[in-house]
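J.: This is entry35.cif, which holds mmCIF, C-alpha atoms and all ligand atoms:
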```cif
data_query
loop_
_atom_site.label_atom_id
_atom_site.label_comp_id
_atom_site.auth_asym_id
_atom_site.auth_seq_id
_atom_site.Cartn_x
_atom_site.Cartn_y
_atom_site.Cartn_z
CA MET A 1246 18.75 1.26 42.92
CA PRO A 1247 22.02 0.18 44.65
CA ALA A 1248 24.72 -1.31 42.38
CA THR A 1249 24.27 -4.82 43.83
CA ASP A 1250 20.56 -4.72 42.99
CA TYR A 1251 21.36 -3.70 39.41
CA ALA A 1252 23.71 -6.65 39.09
CA ALA A 1253 21.12 -9.07 40.49
CA ARG A 1254 18.37 -7.75 38.21
CA PHE A 1255 20.70 -7.99 35.19
CA ARG A 1256 21.57 -11.59 36.11
CA GLU A 1257 17.86 -12.42 36.15
CA ILE A 1258 17.54 -11.07 32.61
CA ARG A 1259 20.67 -12.86 31.47
CA ASP A 1260 19.30 -16.15 32.82
CA LYS A 1261 16.10 -15.58 30.87
CA VAL A 1262 17.98 -14.88 27.64
CA GLU A 1263 20.24 -17.89 28.12
CA SER A 1264 17.24 -20.15 28.61
CA GLU A 1265 15.39 -18.51 25.67
CA GLU A 1266 12.67 -17.10 27.88
CA ARG A 1267 10.81 -14.03 26.66
CA LEU A 1268 11.68 -10.62 28.17
CA SER A 1269 8.92 -8.48 29.69
CA LEU A 1270 8.08 -4.79 29.39
CA ASP A 1271 9.84 -4.15 32.71
CA ASP A 1272 12.93 -6.07 31.60
CA GLY A 1273 13.16 -3.93 28.46
CA ILE A 1274 12.75 -0.67 30.37
CA PHE A 1275 15.40 -1.76 32.88
CA LEU A 1276 17.91 -2.40 30.06
CA TYR A 1277 17.51 1.22 28.96
CA ASP A 1278 18.70 2.46 32.36
CA PRO A 1279 22.13 4.08 31.74
CA ALA A 1280 23.36 2.44 34.94
CA VAL A 1281 23.17 -0.94 33.16
CA PRO A 1282 26.51 -1.21 31.33
CA LEU A 1283 25.98 -1.01 27.57
CA GLN A 1284 28.74 -3.55 27.05
CA GLU A 1285 26.78 -6.16 28.99
CA VAL A 1286 23.54 -5.47 27.14
CA GLY A 1287 25.49 -5.75 23.89
CA GLN A 1288 27.06 -9.08 24.87
CA LEU A 1289 23.64 -10.50 25.68
CA ALA A 1290 22.24 -9.30 22.36
CA ASN A 1291 25.24 -10.79 20.57
CA LEU A 1292 24.42 -14.14 22.10
CA VAL A 1293 20.96 -14.05 20.51
CA ARG A 1294 22.34 -12.66 17.24
CA GLU A 1295 24.80 -15.54 16.93
CA ARG A 1296 22.21 -18.09 17.99
CA LYS A 1297 19.88 -16.91 15.22
CA ASN A 1298 22.28 -15.87 12.46
CA GLY A 1299 25.69 -17.32 13.27
CA ASN A 1300 28.56 -15.16 12.06
CA VAL A 1301 26.80 -13.93 8.92
CA GLY A 1302 26.64 -10.21 8.07
CA TYR A 1303 24.01 -9.67 5.39
CA PHE A 1304 23.88 -6.97 2.72
CA ASN A 1305 22.11 -6.52 -0.60
CA ILE A 1306 22.56 -4.51 -3.78
CA ASN A 1307 19.70 -2.07 -3.92
CA THR A 1308 18.48 1.34 -4.97
CA HIS A 1309 15.84 3.73 -3.69
CA LEU A 1310 13.10 5.36 -5.72
CA ASN A 1311 11.00 8.15 -4.24
CA PRO A 1312 8.53 8.90 -7.05
CA THR A 1313 7.24 12.07 -5.36
CA ASN A 1314 8.01 14.13 -2.27
CA VAL A 1315 4.69 15.99 -2.36
CA CYS A 1316 2.65 14.92 0.64
CA VAL A 1317 -0.73 15.75 2.12
CA TYR A 1318 0.65 15.02 5.60
CA ARG A 1319 3.03 17.20 7.62
CA CYS A 1320 4.83 14.79 9.93
CA ARG A 1321 6.99 16.85 12.27
CA PHE A 1322 10.05 14.60 11.89
CA CYS A 1323 10.12 14.64 8.09
CA ALA A 1324 12.57 16.77 6.06
CA PHE A 1325 11.75 15.07 2.76
CA ARG A 1326 8.14 16.13 2.22
CA SER A 1327 7.05 19.11 0.18
CA ASP A 1328 3.87 21.13 -0.25
CA LEU A 1329 2.10 20.89 -3.59
CA ARG A 1330 3.14 24.35 -4.74
CA ASP A 1331 6.61 24.40 -3.20
CA PRO A 1332 9.38 24.68 -5.86
CA LYS A 1333 11.08 21.73 -4.13
CA GLY A 1334 8.07 19.49 -4.94
CA TYR A 1335 8.42 16.90 -7.71
CA ALA A 1336 6.66 13.89 -9.22
CA MET A 1337 8.66 11.64 -11.53
CA SER A 1338 7.63 10.83 -15.09
CA ASP A 1339 7.42 7.28 -16.46
CA GLU A 1340 10.61 7.94 -18.43
CA GLN A 1341 12.51 8.96 -15.29
CA ILE A 1342 11.22 5.88 -13.47
CA VAL A 1343 12.21 3.50 -16.27
CA GLU A 1344 15.63 5.17 -16.41
CA ARG A 1345 16.08 4.40 -12.69
CA GLY A 1346 15.21 0.76 -13.39
CA ARG A 1347 17.79 0.68 -16.18
CA GLU A 1348 20.47 2.14 -13.93
CA ALA A 1349 19.56 -0.37 -11.20
CA THR A 1350 19.85 -3.29 -13.63
CA GLU A 1351 23.22 -2.07 -14.92
CA ASN A 1352 24.48 -1.90 -11.35
CA GLY A 1353 23.35 -5.41 -10.50
CA CYS A 1354 20.59 -4.32 -8.10
CA THR A 1355 18.27 -7.07 -6.90
CA GLU A 1356 15.89 -4.65 -5.15
CA MET A 1357 14.21 -1.28 -5.59
CA HIS A 1358 12.96 0.26 -2.33
CA ILE A 1359 10.05 2.49 -3.40
CA VAL A 1360 8.33 4.96 -1.07
CA GLY A 1361 7.19 8.54 -1.38
CA GLY A 1362 4.71 11.21 -0.41
CA LEU A 1363 0.93 11.07 -0.64
CA HIS A 1364 0.50 13.43 -3.56
CA HIS A 1365 -2.66 15.57 -3.50
CA LYS A 1366 -3.28 15.14 -7.24
CA MET A 1367 -1.93 11.71 -8.16
CA PRO A 1368 -4.60 8.98 -8.27
CA TYR A 1369 -4.17 5.42 -7.08
CA GLU A 1370 -3.61 4.35 -10.71
CA TRP A 1371 -0.39 6.42 -10.83
CA TYR A 1372 1.07 4.58 -7.86
CA ARG A 1373 -0.06 1.20 -9.19
CA GLY A 1374 1.26 2.09 -12.63
CA ILE A 1375 4.78 2.64 -11.23
CA ILE A 1376 4.85 -0.93 -9.90
CA GLU A 1377 3.39 -2.38 -13.10
CA LEU A 1378 5.76 -0.45 -15.36
CA LEU A 1379 8.87 -1.45 -13.43
CA ASN A 1380 7.78 -5.05 -13.06
CA LYS A 1381 7.04 -5.39 -16.78
CA THR A 1382 10.28 -3.69 -17.84
CA TYR A 1383 12.61 -5.22 -15.25
CA PRO A 1384 10.92 -8.39 -13.95
CA GLN A 1385 14.01 -9.64 -12.13
CA ILE A 1386 14.15 -6.70 -9.72
CA HIS A 1387 12.24 -7.22 -6.48
CA LEU A 1388 9.95 -4.26 -5.77
CA LYS A 1389 9.84 -3.57 -2.03
CA ALA A 1390 7.31 -0.78 -2.05
CA TRP A 1391 4.85 1.41 -0.17
CA THR A 1392 4.71 1.79 3.58
CA ALA A 1393 1.50 0.99 5.45
CA VAL A 1394 0.82 4.74 5.45
CA GLU A 1395 0.67 4.70 1.65
CA ILE A 1396 -1.48 1.55 1.60
CA ASN A 1397 -3.86 3.30 4.00
CA TRP A 1398 -3.98 6.29 1.62
CA PHE A 1399 -4.74 3.94 -1.31
CA GLU A 1400 -7.65 2.49 0.69
CA PHE A 1401 -8.95 6.02 1.10
CA GLN A 1402 -8.46 6.81 -2.59
CA THR A 1403 -10.05 3.62 -3.95
CA LYS A 1404 -12.65 3.11 -1.18
CA LYS A 1405 -11.60 -0.55 -1.25
CA SER A 1406 -10.33 -2.82 1.55
CA LYS A 1407 -6.73 -3.33 2.65
CA GLN A 1408 -6.86 -6.80 1.22
CA TRP A 1409 -8.07 -5.56 -2.17
CA VAL A 1410 -5.35 -2.88 -2.37
CA LEU A 1411 -2.57 -5.26 -1.35
CA GLN A 1412 -3.72 -7.97 -3.75
CA ASP A 1413 -4.09 -5.47 -6.58
CA MET A 1414 -0.57 -4.15 -5.93
CA ARG A 1415 0.76 -7.69 -5.79
CA ASP A 1416 -0.92 -8.43 -9.14
CA ALA A 1417 0.89 -5.38 -10.51
CA GLY A 1418 4.27 -6.70 -9.29
CA LEU A 1419 4.71 -5.71 -5.65
CA GLY A 1420 7.20 -8.14 -4.03
CA SER A 1421 7.14 -7.09 -0.37
CA MET A 1422 6.65 -4.05 1.87
CA PRO A 1423 9.24 -1.94 3.71
CA GLY A 1424 8.78 -1.13 7.37
CA GLY A 1425 8.38 2.65 7.32
CA GLY A 1426 5.58 4.70 8.82
CA ALA A 1427 5.60 2.87 12.15
CA GLU A 1428 7.35 5.73 14.04
CA ILE A 1429 6.27 5.16 17.67
CA PHE A 1430 2.96 3.37 18.17
CA HIS A 1431 2.06 4.74 21.60
CA PRO A 1432 -0.56 7.49 21.12
CA GLU A 1433 1.18 9.78 23.66
CA VAL A 1434 3.99 10.09 21.13
CA ARG A 1435 2.35 9.32 17.79
CA ASP A 1436 -0.18 12.12 18.28
CA GLN A 1437 2.67 14.59 18.73
CA LEU A 1438 4.56 13.45 15.63
CA CYS A 1439 1.97 12.68 13.01
CA GLU A 1440 -1.56 12.88 14.35
CA HIS A 1441 -3.29 12.66 10.96
CA LYS A 1442 -1.65 9.77 9.21
CA ALA A 1443 -2.46 6.04 9.52
CA ASN A 1444 -2.79 5.27 13.22
CA THR A 1445 -1.22 2.36 15.06
CA HIS A 1446 -4.20 0.07 14.60
CA GLU A 1447 -4.22 0.73 10.84
CA TRP A 1448 -0.44 0.20 10.51
CA LEU A 1449 -0.61 -3.15 12.31
CA GLN A 1450 -3.75 -4.27 10.46
CA ILE A 1451 -2.16 -3.52 7.09
CA HIS A 1452 0.93 -5.56 7.92
CA GLN A 1453 -1.25 -8.36 9.29
CA THR A 1454 -3.30 -8.39 6.06
CA ALA A 1455 -0.12 -8.37 3.96
CA HIS A 1456 1.17 -11.38 5.91
CA GLU A 1457 -2.18 -13.16 5.53
CA ILE A 1458 -2.04 -12.91 1.74
CA GLY A 1459 1.56 -14.14 1.75
CA LEU A 1460 3.53 -10.90 1.43
CA ARG A 1461 6.59 -10.57 3.66
CA THR A 1462 7.10 -7.18 5.30
CA ASN A 1463 9.67 -5.31 7.39
CA CYS A 1464 9.12 -3.28 10.53
CA THR A 1465 10.77 -0.18 12.02
CA MET A 1466 10.78 2.19 14.99
CA LEU A 1467 11.77 5.85 14.85
CA TYR A 1468 13.55 6.75 18.12
CA GLY A 1469 15.49 9.61 19.63
CA HIS A 1470 12.91 12.43 19.53
CA VAL A 1471 10.16 12.98 22.13
CA GLU A 1472 9.66 9.39 23.28
CA GLN A 1473 10.77 7.67 26.50
CA ALA A 1474 12.11 4.15 27.07
CA TYR A 1475 8.61 3.00 27.98
CA HIS A 1476 7.27 4.01 24.56
CA ARG A 1477 10.07 2.19 22.74
CA ILE A 1478 9.53 -1.06 24.62
CA ASP A 1479 5.76 -0.79 24.18
CA HIS A 1480 6.39 -0.40 20.43
CA LEU A 1481 8.61 -3.48 20.29
CA ILE A 1482 6.07 -5.55 22.22
CA ARG A 1483 3.25 -4.56 19.82
CA LEU A 1484 5.41 -5.75 16.91
CA ARG A 1485 6.29 -8.96 18.77
CA GLU A 1486 2.60 -9.68 19.40
CA LEU A 1487 1.72 -9.32 15.71
CA GLN A 1488 4.69 -11.48 14.77
CA ASP A 1489 3.42 -14.19 17.15
CA ARG A 1490 0.18 -14.25 15.16
CA THR A 1491 1.55 -14.11 11.59
CA GLY A 1492 5.33 -14.66 11.45
CA GLY A 1493 5.42 -12.32 8.44
CA PHE A 1494 8.04 -9.78 9.56
CA GLN A 1495 11.46 -10.64 8.23
CA VAL A 1496 13.58 -7.87 9.71
CA PHE A 1497 13.34 -5.03 12.24
CA ILE A 1498 15.13 -1.74 11.60
CA PRO A 1499 15.56 0.78 14.45
CA LEU A 1500 15.70 4.24 12.83
CA ALA A 1501 17.56 7.02 14.66
CA PHE A 1502 15.95 10.43 14.32
CA HIS A 1503 17.83 13.00 12.23
CA PRO A 1504 16.60 16.46 13.25
CA GLU A 1505 18.03 18.77 10.55
CA ASN A 1506 15.45 20.57 8.38
CA THR A 1507 12.54 19.17 10.41
CA LYS A 1508 10.06 20.81 12.77
CA LEU A 1509 11.94 19.10 15.62
CA ASP A 1510 15.33 20.61 14.84
CA ASN A 1511 15.72 21.72 18.47
CA ILE A 1512 16.30 18.07 19.42
CA LYS A 1513 19.82 16.62 19.39
CA LYS A 1514 20.23 13.46 17.36
CA PRO A 1515 20.72 10.28 19.45
CA SER A 1516 24.30 9.37 20.39
CA ALA A 1517 26.07 6.31 19.03
CA LEU A 1518 25.75 4.78 22.51
CA MET A 1519 21.98 5.21 22.37
CA ASP A 1520 21.96 3.71 18.87
CA LEU A 1521 23.87 0.64 20.06
CA ARG A 1522 21.72 0.22 23.17
CA THR A 1523 18.54 0.41 21.07
CA MET A 1524 19.95 -2.09 18.58
CA ALA A 1525 20.81 -4.52 21.39
CA ILE A 1526 17.51 -4.14 23.24
CA SER A 1527 15.59 -4.62 19.98
CA ARG A 1528 17.45 -7.89 19.40
CA LEU A 1529 16.62 -9.02 22.93
CA MET A 1530 12.94 -8.04 22.90
CA LEU A 1531 12.10 -9.26 19.38
CA ASP A 1532 12.82 -12.92 20.01
CA ASN A 1533 10.55 -13.95 17.13
CA VAL A 1534 12.00 -11.75 14.36
CA GLN A 1535 14.87 -13.40 12.50
CA HIS A 1536 16.90 -10.35 11.46
CA ILE A 1537 17.89 -6.96 12.90
CA LYS A 1538 19.20 -4.35 10.50
CA ALA A 1539 21.76 -1.61 11.22
CA TYR A 1540 20.90 0.82 8.43
CA TRP A 1541 24.32 2.37 7.71
CA ILE A 1542 22.84 5.40 5.91
CA MET A 1543 21.23 6.53 9.12
CA LEU A 1544 23.65 5.24 11.77
CA GLY A 1545 26.84 6.17 9.98
CA ILE A 1546 29.28 3.55 8.79
CA GLU A 1547 31.25 3.14 12.03
CA THR A 1548 28.20 2.66 14.26
CA ALA A 1549 26.64 0.26 11.75
CA GLN A 1550 29.82 -1.83 11.79
CA THR A 1551 29.88 -1.82 15.60
CA ALA A 1552 26.18 -2.75 15.68
CA LEU A 1553 27.10 -6.09 14.07
CA ALA A 1554 28.36 -7.01 17.57
CA TYR A 1555 25.32 -5.50 19.33
CA GLY A 1556 22.54 -7.63 17.89
CA ALA A 1557 22.44 -6.64 14.21
CA ASP A 1558 23.13 -9.17 11.45
CA ASP A 1559 22.42 -6.97 8.40
CA ILE A 1560 23.59 -3.52 7.31
CA ASP A 1561 21.13 -2.98 4.42
CA GLY A 1562 22.52 -2.45 0.94
CA THR A 1563 24.80 -0.55 -1.34
CA VAL A 1564 21.94 2.01 -1.67
CA ARG A 1565 21.57 4.68 -4.36
CA HIS A 1566 19.43 7.82 -4.49
CA GLU A 1567 18.52 7.86 -0.80
CA LEU A 1568 16.70 11.13 0.01
CA ILE A 1569 14.77 10.79 3.28
CA TYR A 1570 17.86 10.80 5.53
CA HIS A 1571 20.06 12.95 3.35
CA ASP A 1572 17.36 15.68 3.34
CA ALA A 1573 17.43 15.43 7.16
CA GLY A 1574 21.17 16.02 7.40
CA ALA A 1575 22.69 12.53 7.10
CA THR A 1576 26.36 12.90 6.16
CA THR A 1577 26.86 9.31 5.01
CA PRO A 1578 27.83 8.71 1.35
CA GLU A 1579 25.14 8.38 -1.34
CA CYS A 1580 26.19 4.85 -2.21
CA LEU A 1581 28.77 2.17 -1.30
CA SER A 1582 30.44 -0.18 -3.76
CA VAL A 1583 29.97 -3.92 -3.26
CA ASP A 1584 33.64 -4.38 -2.35
CA HIS A 1585 33.42 -1.55 0.17
CA ILE A 1586 30.33 -2.94 1.92
CA LYS A 1587 31.83 -6.46 2.02
CA GLY A 1588 35.04 -5.00 3.45
CA LEU A 1589 33.12 -3.17 6.19
CA ILE A 1590 31.34 -6.37 7.25
CA ALA A 1591 34.59 -8.39 7.16
CA GLU A 1592 36.39 -5.70 9.18
CA ALA A 1593 33.69 -6.13 11.84
CA GLY A 1594 34.62 -9.83 12.00
CA ARG A 1595 31.51 -11.14 10.21
CA ASP A 1596 31.17 -13.19 7.02
CA PRO A 1597 29.62 -10.99 4.31
CA VAL A 1598 26.71 -12.68 2.52
CA GLU A 1599 24.78 -11.08 -0.31
CA ARG A 1600 21.06 -11.72 0.16
CA ASP A 1601 17.98 -10.86 -1.86
CA THR A 1602 15.07 -8.98 -0.28
CA VAL A 1603 13.58 -12.11 1.29
CA TYR A 1604 16.92 -13.34 2.64
CA ASN A 1605 17.87 -15.94 0.03
CA HIS A 1606 21.54 -16.22 -0.87
CA VAL A 1607 22.33 -14.40 -4.16
CA HIS A 1608 24.69 -16.14 -6.61
CA ARG A 1609 26.37 -13.94 -9.24
CA GLU A 1610 27.85 -15.13 -12.52
CA PRO A 1611 31.64 -14.86 -12.12
CA HIS A 1612 32.19 -13.02 -15.43
CA ASP A 1613 29.04 -10.91 -15.57
CA PHE A 1614 28.24 -9.21 -12.30
CA THR A 1615 24.80 -8.06 -13.53
CA LYS A 1616 23.58 -11.66 -13.92
CA TRP A 1617 22.45 -13.35 -10.75
CA THR A 1618 20.09 -15.95 -9.32
CA SER A 1619 18.57 -16.35 -5.87
CA GLY A 1620 19.36 -19.59 -4.09
CA ALA A 1621 18.09 -21.05 -0.84
CA PRO A 1622 17.98 -19.19 2.48
CA VAL A 1623 21.41 -19.10 4.10
CA SER A 1624 21.78 -21.85 6.68
CA VAL A 1625 23.71 -20.93 9.80
O1 LIG A 1701 8.83 6.05 8.20
C1 LIG A 1701 11.63 10.02 8.23
C2 LIG A 1701 11.85 7.64 9.04
C3 LIG A 1701 11.18 6.05 7.60
C4 LIG A 1701 13.22 10.96 9.31
O2 LIG A 1701 12.11 -1.71 5.32
C5 LIG A 1701 13.21 9.60 9.58
O3 LIG A 1701 14.13 -2.29 4.77
C6 LIG A 1701 14.99 9.85 10.96
O4 LIG A 1701 11.27 2.94 6.77
N1 LIG A 1701 15.04 11.17 10.75
C7 LIG A 1701 11.36 5.59 6.17
N2 LIG A 1701 14.07 9.05 10.40
C8 LIG A 1701 12.62 4.73 6.02
C9 LIG A 1701 12.33 3.29 6.29
C10 LIG A 1701 13.33 2.23 5.97
C11 LIG A 1701 14.66 2.55 5.84
C12 LIG A 1701 15.56 1.54 5.50
C13 LIG A 1701 15.13 0.25 5.28
C14 LIG A 1701 13.78 -0.05 5.42
C15 LIG A 1701 13.31 -1.43 5.15
C16 LIG A 1701 12.87 0.94 5.77
O5 LIG A 1701 12.21 6.93 7.89
C17 LIG A 1701 9.94 6.82 7.97
C18 LIG A 1701 10.38 7.46 9.26
O6 LIG A 1701 10.22 6.58 10.33
N3 LIG A 1701 12.21 9.07 8.91
N4 LIG A 1701 12.24 11.20 8.45
C19 LIG A 1701 14.19 11.77 9.96
N5 LIG A 1701 14.24 13.08 9.79
#
```
Since I need it in another form, could you write the structure as C-alpha cells?
Ligand code: V47
T.:
Amino acid sequence: MPATDYAARFREIRDKVESEERLSLDDGIFLYDPAVPLQEVGQLANLVRERKNGNVGYFNINTHLNPTNVCVYRCRFCAFRSDLRDPKGYAMSDEQIVERGREATENGCTEMHIVGGLHHKMPYEWYRGIIELLNKTYPQIHLKAWTAVEINWFEFQTKKSKQWVLQDMRDAGLGSMPGGGAEIFHPEVRDQLCEHKANTHEWLQIHQTAHEIGLRTNCTMLYGHVEQAYHRIDHLIRLRELQDRTGGFQVFIPLAFHPENTKLDNIKKPSALMDLRTMAISRLMLDNVQHIKAYWIMLGIETAQTALAYGADDIDGTVRHELIYHDAGATTPECLSVDHIKGLIAEAGRDPVERDTVYNHVHREPHDFTKWTSGAPVSV
C-alpha cells in the first residue's frame, strides 16, 4: 500500500476511535502492519485509556500459589508443568498452603492468585479443599483461583455441570477467576499449542457461566509464538462478543510468550515493540473491557512502565512466588516492594492507586500496613 493510502486508512480508524465507534477485524489487522507507526497506534490507545481510566495506574498487593505443577496435559508453550514421576513434580501439603496464607497476610496481601496443574491423582476435593482451607483461615484475602482449563477438568472429575462446579467453588470461598488458559482461540493455532485441553467453546462457556452466577473474571491472550495478526484480532473479537453479552470481564492481560524450557524454544520471544503494539491494539479493540493490564513479570519492568502510555492502566501487583514465567526464563525480580511499584507508576507519569482484585480502592491503616479495607471503585 502506498504511504498516502496508509495515512488515509489510519485517519479513518482514528475518526472511529474519536467518535467511540467500534473497530472491525480489518481495522485491527491493519494496525498490526509494521508500516503503521507504533507511536500513532499508541497515542490512539492512550486516548481510550485516559477516557476510561483517567491518569490512574493501578496495582495490588498479591501473591501467587501454584499448589501443584503435575499436569495431565502437555501444552507446548509451558515450562512449568511436570510429569507425575518427574523429580521436579510437587503437590503442596495443607501446612505449606496455610503457611503461604500466613506469609501473604503478614505482607499485607489482599489477593492470592491460585492456579496449577491438573494432577493425575488429586481428586476434585483436594482442589476445593485448598480454597476452603484458605478462606476459613484467612477470610480477608480474596482468592482469585482456577483457570477455565481447571474448571473444565473439575467438570470431568465430578461429572457435574460448569454451574455446579463454579457454585460449589464459590461456596468454598472462591472470589473470582484469573484469565489464564485462553492462549489463542482460533483452532488453527490452538490445535498446535494444546490440542487436548479445554477448547475455545468450553473456555468461553465457563467464563460466561461464571459471569451469570455473579463471579467476575479476567481474560488473557498468549501471543508471540506461531500465531499471525489475524488470529490475535479474532481472539480479541471473541472476547469482546462475550463481554457484550455478560459484562463480566474486568481486565484483559496480553501475555507475551517466553520460549525458554518449552517445546517451542526455537522461537524468539516477542520484542518490546511488539509488546507495546499488542497492548495498544488490545485497548483499541476491547472497547467494552474497563482495564488493560501490563503484567510486569512477563513484560519486564521498563516495558510495563512504557505500556502505561500505550493503553494499559494496571501493572498487576507486588507478586510473590511466581513460577510460570520464571520457569520459562523470565528475568524479572521475584517480588517488588510497595514503594518500588508505586515509584515505577509515578515515574511513568501516572497516579498510583492500590486496588483490590475487583478494582475497589484499598485503604490501609496508617500505622499498621497489614490492616486494610476496600472502599468504593475509583472514580476517574
Ligand atoms: O494460561 C504459560 C501463559 C498463563 C507460558 O488473571 C505462558 O490477573 C508465556 O493467566 N510464556 C497463566 N506465557 C498466567 C495468567 C495470568 C497472569 C497474570 C495475571 C492474570 C490475571 C493471569 O500464562 C497461561 C498461559 O497463557 N503461559 N506458559 C510461557 N512459557
J.: Around all of ligand LIG 1701 (chain A)'s listed atoms, make the axis-aligned box with 5 Å on each side and tell me centre and edge lengths in Å to one decimal, as lines of an AutoDock Vina configuration file.
T.:
```
center_x = 12.2
center_y = 5.4
center_z = 7.9
size_x = 16.7
size_y = 25.4
size_z = 16.2
```
J.: Considering only C-alpha atoms and all ligand atoms, can you say which of A:Glu1428, A:Asp1596, A:Asp1479, A:Asp1272 comes closest to ligand LIG 1701 (chain A)?
T.: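 Closest residue, counting only C-alpha atoms and all ligand atoms: A:Glu1428.
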J.: Just the residues within 10 Å of Cys1439 (chain A), please, counting all atoms listed in the file, with nothing from its chain fewer than 5 positions along; format it as a PyMOL selection string.
T.: chain A and resi 1318-1323+1426+1428-1429+1432+1434+1444
J.: Within 8 Å of ligand LIG 1701 (chain A), counting all atoms listed in the file: which residues, as a PDB file with C-alpha atoms, in the coordinates of the input?
T.:
```pdb
ATOM      1  CA  PHE A1322      10.050  14.600  11.890  1.00  0.00           C
ATOM      2  CA  CYS A1323      10.120  14.640   8.090  1.00  0.00           C
ATOM      3  CA  ALA A1324      12.570  16.770   6.060  1.00  0.00           C
ATOM      4  CA  PHE A1325      11.750  15.070   2.760  1.00  0.00           C
ATOM      5  CA  HIS A1358      12.960   0.260  -2.330  1.00  0.00           C
ATOM      6  CA  VAL A1360       8.330   4.960  -1.070  1.00  0.00           C
ATOM      7  CA  LYS A1389       9.840  -3.570  -2.030  1.00  0.00           C
ATOM      8  CA  THR A1392       4.710   1.790   3.580  1.00  0.00           C
ATOM      9  CA  MET A1422       6.650  -4.050   1.870  1.00  0.00           C
ATOM     10  CA  PRO A1423       9.240  -1.940   3.710  1.00  0.00           C
ATOM     11  CA  GLY A1424       8.780  -1.130   7.370  1.00  0.00           C
ATOM     12  CA  GLY A1425       8.380   2.650   7.320  1.00  0.00           C
ATOM     13  CA  GLY A1426       5.580   4.700   8.820  1.00  0.00           C
ATOM     14  CA  ALA A1427       5.600   2.870  12.150  1.00  0.00           C
ATOM     15  CA  GLU A1428       7.350   5.730  14.040  1.00  0.00           C
ATOM     16  CA  THR A1462       7.100  -7.180   5.300  1.00  0.00           C
ATOM     17  CA  ASN A1463       9.670  -5.310   7.390  1.00  0.00           C
ATOM     18  CA  CYS A1464       9.120  -3.280  10.530  1.00  0.00           C
ATOM     19  CA  THR A1465      10.770  -0.180  12.020  1.00  0.00           C
ATOM     20  CA  MET A1466      10.780   2.190  14.990  1.00  0.00           C
ATOM     21  CA  LEU A1467      11.770   5.850  14.850  1.00  0.00           C
ATOM     22  CA  TYR A1468      13.550   6.750  18.120  1.00  0.00           C
ATOM     23  CA  VAL A1496      13.580  -7.870   9.710  1.00  0.00           C
ATOM     24  CA  PHE A1497      13.340  -5.030  12.240  1.00  0.00           C
ATOM     25  CA  ILE A1498      15.130  -1.740  11.600  1.00  0.00           C
ATOM     26  CA  LEU A1500      15.700   4.240  12.830  1.00  0.00           C
ATOM     27  CA  ALA A1501      17.560   7.020  14.660  1.00  0.00           C
ATOM     28  CA  PHE A1502      15.950  10.430  14.320  1.00  0.00           C
ATOM     29  CA  HIS A1503      17.830  13.000  12.230  1.00  0.00           C
ATOM     30  CA  PRO A1504      16.600  16.460  13.250  1.00  0.00           C
ATOM     31  CA  GLU A1505      18.030  18.770  10.550  1.00  0.00           C
ATOM     32  CA  ASN A1506      15.450  20.570   8.380  1.00  0.00           C
ATOM     33  CA  THR A1507      12.540  19.170  10.410  1.00  0.00           C
ATOM     34  CA  LYS A1538      19.200  -4.350  10.500  1.00  0.00           C
ATOM     35  CA  TYR A1540      20.900   0.820   8.430  1.00  0.00           C
ATOM     36  CA  MET A1543      21.230   6.530   9.120  1.00  0.00           C
ATOM     37  CA  ASP A1561      21.130  -2.980   4.420  1.00  0.00           C
ATOM     38  CA  ILE A1569      14.770  10.790   3.280  1.00  0.00           C
ATOM     39  CA  TYR A1570      17.860  10.800   5.530  1.00  0.00           C
ATOM     40  CA  ASP A1572      17.360  15.680   3.340  1.00  0.00           C
ATOM     41  CA  ALA A1573      17.430  15.430   7.160  1.00  0.00           C
ATOM     42  CA  GLY A1574      21.170  16.020   7.400  1.00  0.00           C
TER      43      GLY A1574
END
```
J.: Would you please work out which residue, of A:Ser1269, A:Gln1412, A:Asn1314, A:Thr1355, is nearest to His1608 (chain A) when using all atoms listed in the file?
T.: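 When distances to His1608 (chain A) are compared using all atoms listed in the file, the smallest one comes from A:Thr1355.
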J.: Applying 10 Å and all atoms listed in the file, which residues near region 1480-1495 of chain A remain after dropping the ones on its own chain fewer than 5 positions away? List them as JSON, numbers by chain.
T.: {"A": [1268, 1269, 1270, 1273, 1422, 1423, 1424, 1427, 1428, 1429, 1430, 1431, 1445, 1449, 1450, 1452, 1453, 1454, 1455, 1456, 1457, 1459, 1460, 1461, 1462, 1463, 1464, 1465, 1466, 1467, 1474, 1475, 1526, 1527, 1528, 1530, 1531, 1532, 1533, 1534, 1535, 1536, 1537, 1602, 1603, 1604]}
J.: Give me the residues within 8 Å of Asp1328 (chain A) as a PDB file with C-alpha atoms, in the coordinates of the input, counting all atoms listed in the file and dropping any in the same chain fewer than 2 places off.
T.:
```pdb
ATOM      1  CA  VAL A1315       4.690  15.990  -2.360  1.00  0.00           C
ATOM      2  CA  CYS A1316       2.650  14.920   0.640  1.00  0.00           C
ATOM      3  CA  VAL A1317      -0.730  15.750   2.120  1.00  0.00           C
ATOM      4  CA  ARG A1326       8.140  16.130   2.220  1.00  0.00           C
ATOM      5  CA  ARG A1330       3.140  24.350  -4.740  1.00  0.00           C
ATOM      6  CA  ASP A1331       6.610  24.400  -3.200  1.00  0.00           C
ATOM      7  CA  GLY A1334       8.070  19.490  -4.940  1.00  0.00           C
TER       8      GLY A1334
END
```
J.: Given only C-alpha atoms as the basis, pick out the residue of A:Thr1308, A:Ser1406, A:Ser1264, A:Thr1576 nearest to Leu1388 (chain A).
T.: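 Under the stated criterion, the closest residue is A:Thr1308.
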J.: Counting all atoms listed in the file, which residue out of A:Val1471, A:Ala1575, A:Val1394, A:Ala1417 sits closest to Arg1435 (chain A)?
T.: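 The answer is A:Val1471, which sits nearest to Arg1435 (chain A).
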J.: Is it possible to get the residues within 8 Å of (12.1, 2.4, 29.7) (coordinates as in the file, counting all atoms listed in the file) written as an NGL selection string?
T.: :A and (1271 or 1273-1278 or 1473-1478)
J.: Kindly indicate which residue among A:Gly1562, A:Pro1312, A:Gly1594, A:Gly1302 lies nearest to Tyr1335 (chain A), using only C-alpha atoms for the distances.
T.: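 Nearest to Tyr1335 (chain A): A:Pro1312.
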J.: What's around Glu1567 (chain A) at 8 Å? Count all atoms listed in the file, leave out sequence neighbours fewer than 5 positions away in its own chain, and write the answer as a ChimeraX atom specification.
T.: /A:1308-1310,1579
